[in-house]
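Everything on this sheet refers to the single structure shown next.
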Amino acid sequence: MKHSGDAWTISGMKEANARHEDSVRAFLDKIVKSPQDHARFMNMLSMLEHMGSRKIMLSQMNKTLTEDSLKHLAEEARHAYFFKRQAERAAGHSLDGYTEENTMCRVPALMYFGRMDAGITKAVSPADPYPWVSLVIELRACWLYAIYQEALERSGVQISLKSLLAEEDLHLAEMFQMCGADGDRLRALSAYETGLFEKLWAELCISLAAARNSALAA
Ligand SMILES: [Fe+2]
Ligand SMILES: [Fe+2]
């Protein structure tokens, strides 16, 4: 994390999320071993990456679109494609769109993103929410994908998030630079996102347990 060390220190994100690491690791260790569940989880990540890309496009539409923002939205779109492709490989068939059936926790994930976007937009108004929303998302993406990468390595599943993680780390550094050093605001926004992430993660745990139970009953 050499580019974005300051964002980690100033946000306090890792410290605030340390208590979630074990349960997130346990969930990921379980899900990577179950291709059908893993496929639905990756399709959810694809949906979130797609929403991120779409959000950058919409929020910058009436502004001067820079090469940097265009690169950022293209990379998030590629991440959406990456997870969709891996999800289809794991499922063994195509997963068109993001439906209740092929997307784990579709509605809670939509709510997570929608609430975070709305809450941060309101909190930073009248400033442009784009770098702030992105910065908070990049902290989560880097945090989660690093734990996920370790789980994939432990499981022997042939998926690598390394290049994706490197891109998220660069986005994080760029967004941190754009936001400037307002540490109080960053800490508050990151804490707000952590609360929403906790709710989404609780729903994912319920969903995985339910999928397991119905598989056993079948
Ligand atoms: Fe991404
Ligand atoms: Fe990103």
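The way I read the labels, and the way they are meant: chains A, B, ... in the order of the structure tokens, residue 1 as the first residue of every chain, and ligand 1 as the first ligand shown, with later ones counted on from there.
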
As a quick test: using only C-alpha atoms and all ligand atoms, which residues lie no more than 6 Å away from ligand 1? Give them as a list in words. Glu49, Glu76, His79 and Glu168 of chain A

Which of segment 4-204 of chain A counts as helix (DSSP H, G or I) under DSSP, as an MDAnalysis selection string please? chainID A and resid 5:11 13:31 35:60 67:91 106:124 129:155 162:179 183:204

Name the closest residue to ligand 2 among the candidates A:Glu150, A:Glu101, A:Glu75, A:Asp184; distances are taken between atoms, counting only C-alpha atoms and all ligand atoms.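 Using only C-alpha atoms and all ligand atoms, the shortest distance to ligand 2 belongs to A:Glu75.
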
Contacts of Thr121 of chain A at 12 Å or less, counting only C-alpha atoms, minus same-chain residues fewer than 4 places along, as a list in words? Ser59, Phe113, Gly114, Arg115, Met116, Asp117, Ser125, Pro126, Ala127, Asp128, Pro129, Tyr130, Pro131, Trp132, Val133, Ser134, Val136 and Leu189 of chain A

Which residues are close to Ser160 of chain A, i.e. within 10 Å by only C-alpha atoms, leaving aside same-chain residues fewer than 5 positions away? Reply as JSON, numbers by chain. {"A": [148, 149, 150, 152, 153, 165]}

Go ahead and dump the residues you just picked, N, CA and C atoms, as a tab-separated table (two decimals), in the first residue's frame.
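The result, stored in selection.tsv:
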```
chain	number	residue	atom	x	y	z
A	148	TYR	N	-9.83	-11.42	0.60
A	148	TYR	CA	-10.38	-12.34	-0.40
A	148	TYR	C	-9.23	-13.04	-1.16
A	149	GLN	N	-8.23	-12.28	-1.57
A	149	GLN	CA	-7.08	-12.84	-2.28
A	149	GLN	C	-6.40	-13.92	-1.44
A	150	GLU	N	-6.25	-13.66	-0.14
A	150	GLU	CA	-5.63	-14.66	0.75
A	150	GLU	C	-6.48	-15.92	0.83
A	152	LEU	N	-8.50	-17.02	-1.49
A	152	LEU	CA	-8.37	-17.72	-2.78
A	152	LEU	C	-7.06	-18.51	-2.82
A	153	GLU	N	-5.98	-17.89	-2.33
A	153	GLU	CA	-4.69	-18.57	-2.33
A	153	GLU	C	-4.74	-19.82	-1.45
A	165	LEU	N	-6.44	-5.56	-7.46
A	165	LEU	CA	-6.06	-4.88	-6.22
A	165	LEU	C	-5.08	-3.73	-6.48
```

Can you tell me, as a ChimeraX atom specification, what residues are no more than 12 Å from His38 of chain A when counting only C-alpha atoms, ignoring any on the same chain fewer than 3 positions away? /A:27-35,41-45,83-84,86-92,102-104,148,152,157,159,204,207-208,211

Residues from the last selection, C-alpha atoms, saved as a CSV table (one decimal), in the first residue's frame:
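Below you can see result_6.csv, which holds the result:
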```csv
chain,number,residue,atom,x,y,z
A,27,PHE,CA,-17.1,-16.4,5.2
A,28,LEU,CA,-14.7,-16.2,2.3
A,29,ASP,CA,-12.9,-19.4,3.2
A,30,LYS,CA,-16.3,-21.1,3.1
A,31,ILE,CA,-17.7,-19.6,-0.1
A,32,VAL,CA,-14.6,-20.1,-2.3
A,33,LYS,CA,-15.0,-23.8,-1.8
A,34,SER,CA,-18.6,-23.9,-3.0
A,35,PRO,CA,-18.6,-23.0,-6.7
A,41,PHE,CA,-21.2,-13.9,-4.6
A,42,MET,CA,-18.9,-12.8,-7.5
A,43,ASN,CA,-22.0,-11.8,-9.5
A,44,MET,CA,-22.9,-9.5,-6.6
A,45,LEU,CA,-19.3,-8.0,-6.7
A,83,PHE,CA,-16.2,-10.8,-11.7
A,84,LYS,CA,-19.0,-11.7,-14.2
A,86,GLN,CA,-15.3,-15.6,-13.1
A,87,ALA,CA,-18.8,-16.0,-11.8
A,88,GLU,CA,-19.9,-17.7,-15.0
A,89,ARG,CA,-16.9,-20.0,-15.0
A,90,ALA,CA,-17.6,-21.1,-11.4
A,91,ALA,CA,-21.3,-21.5,-12.2
A,92,GLY,CA,-20.6,-23.4,-15.4
A,102,ASN,CA,-28.0,-15.3,-9.8
A,103,THR,CA,-26.9,-12.5,-7.5
A,104,MET,CA,-26.3,-13.1,-3.8
A,148,TYR,CA,-10.4,-12.3,-0.4
A,152,LEU,CA,-8.4,-17.7,-2.8
A,157,VAL,CA,-9.0,-21.7,-6.6
A,159,ILE,CA,-8.6,-16.8,-9.5
A,204,LEU,CA,-24.5,-12.3,3.2
A,207,SER,CA,-27.9,-15.9,2.8
A,208,LEU,CA,-24.9,-18.4,2.7
A,211,ALA,CA,-28.2,-21.7,0.7
```

Distance of atom CA of Arg154 of chain A from atom CA of His50 of chain A, expressed in Å to one decimal place: 27.6 Å

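Residue nearest Ile10 of chain A within the list A:Ala77, A:Cys142, A:Cys205, A:Leu186: A:Leu186 [criterion: smallest interatomic distance, only C-alpha atoms].
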
Nearest to His72 of chain A: which of A:His20, A:Arg85, A:His93, A:His171 is it, counting only C-alpha atoms? A:His171

Skipping near chain neighbours, those fewer than 3 positions away, what residues fall within 12 Å of Ala74 of chain A using only C-alpha atoms, listed as number ranges by chain? A: 49-50, 52-57, 67-71, 77-81, 167, 171

What does the structure give for the distance between atom CA of Ala26 of chain A and atom CA of Glu198 of chain A, in Å to one decimal?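 Straight-line distance from atom CA of Ala26 of chain A to atom CA of Glu198 of chain A works out to 14.9 Å.
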
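Among A:Ser214, A:Ala141, A:Gly180, A:Gln158, the residue with the shortest atom-to-atom distance to ligand 2, counting only C-alpha atoms and all ligand atoms, is A:Ala141.
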
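Interatomic distance, atom CA of Arg187 of chain A against atom CA of Glu138 of chain A: 13.9 Å.
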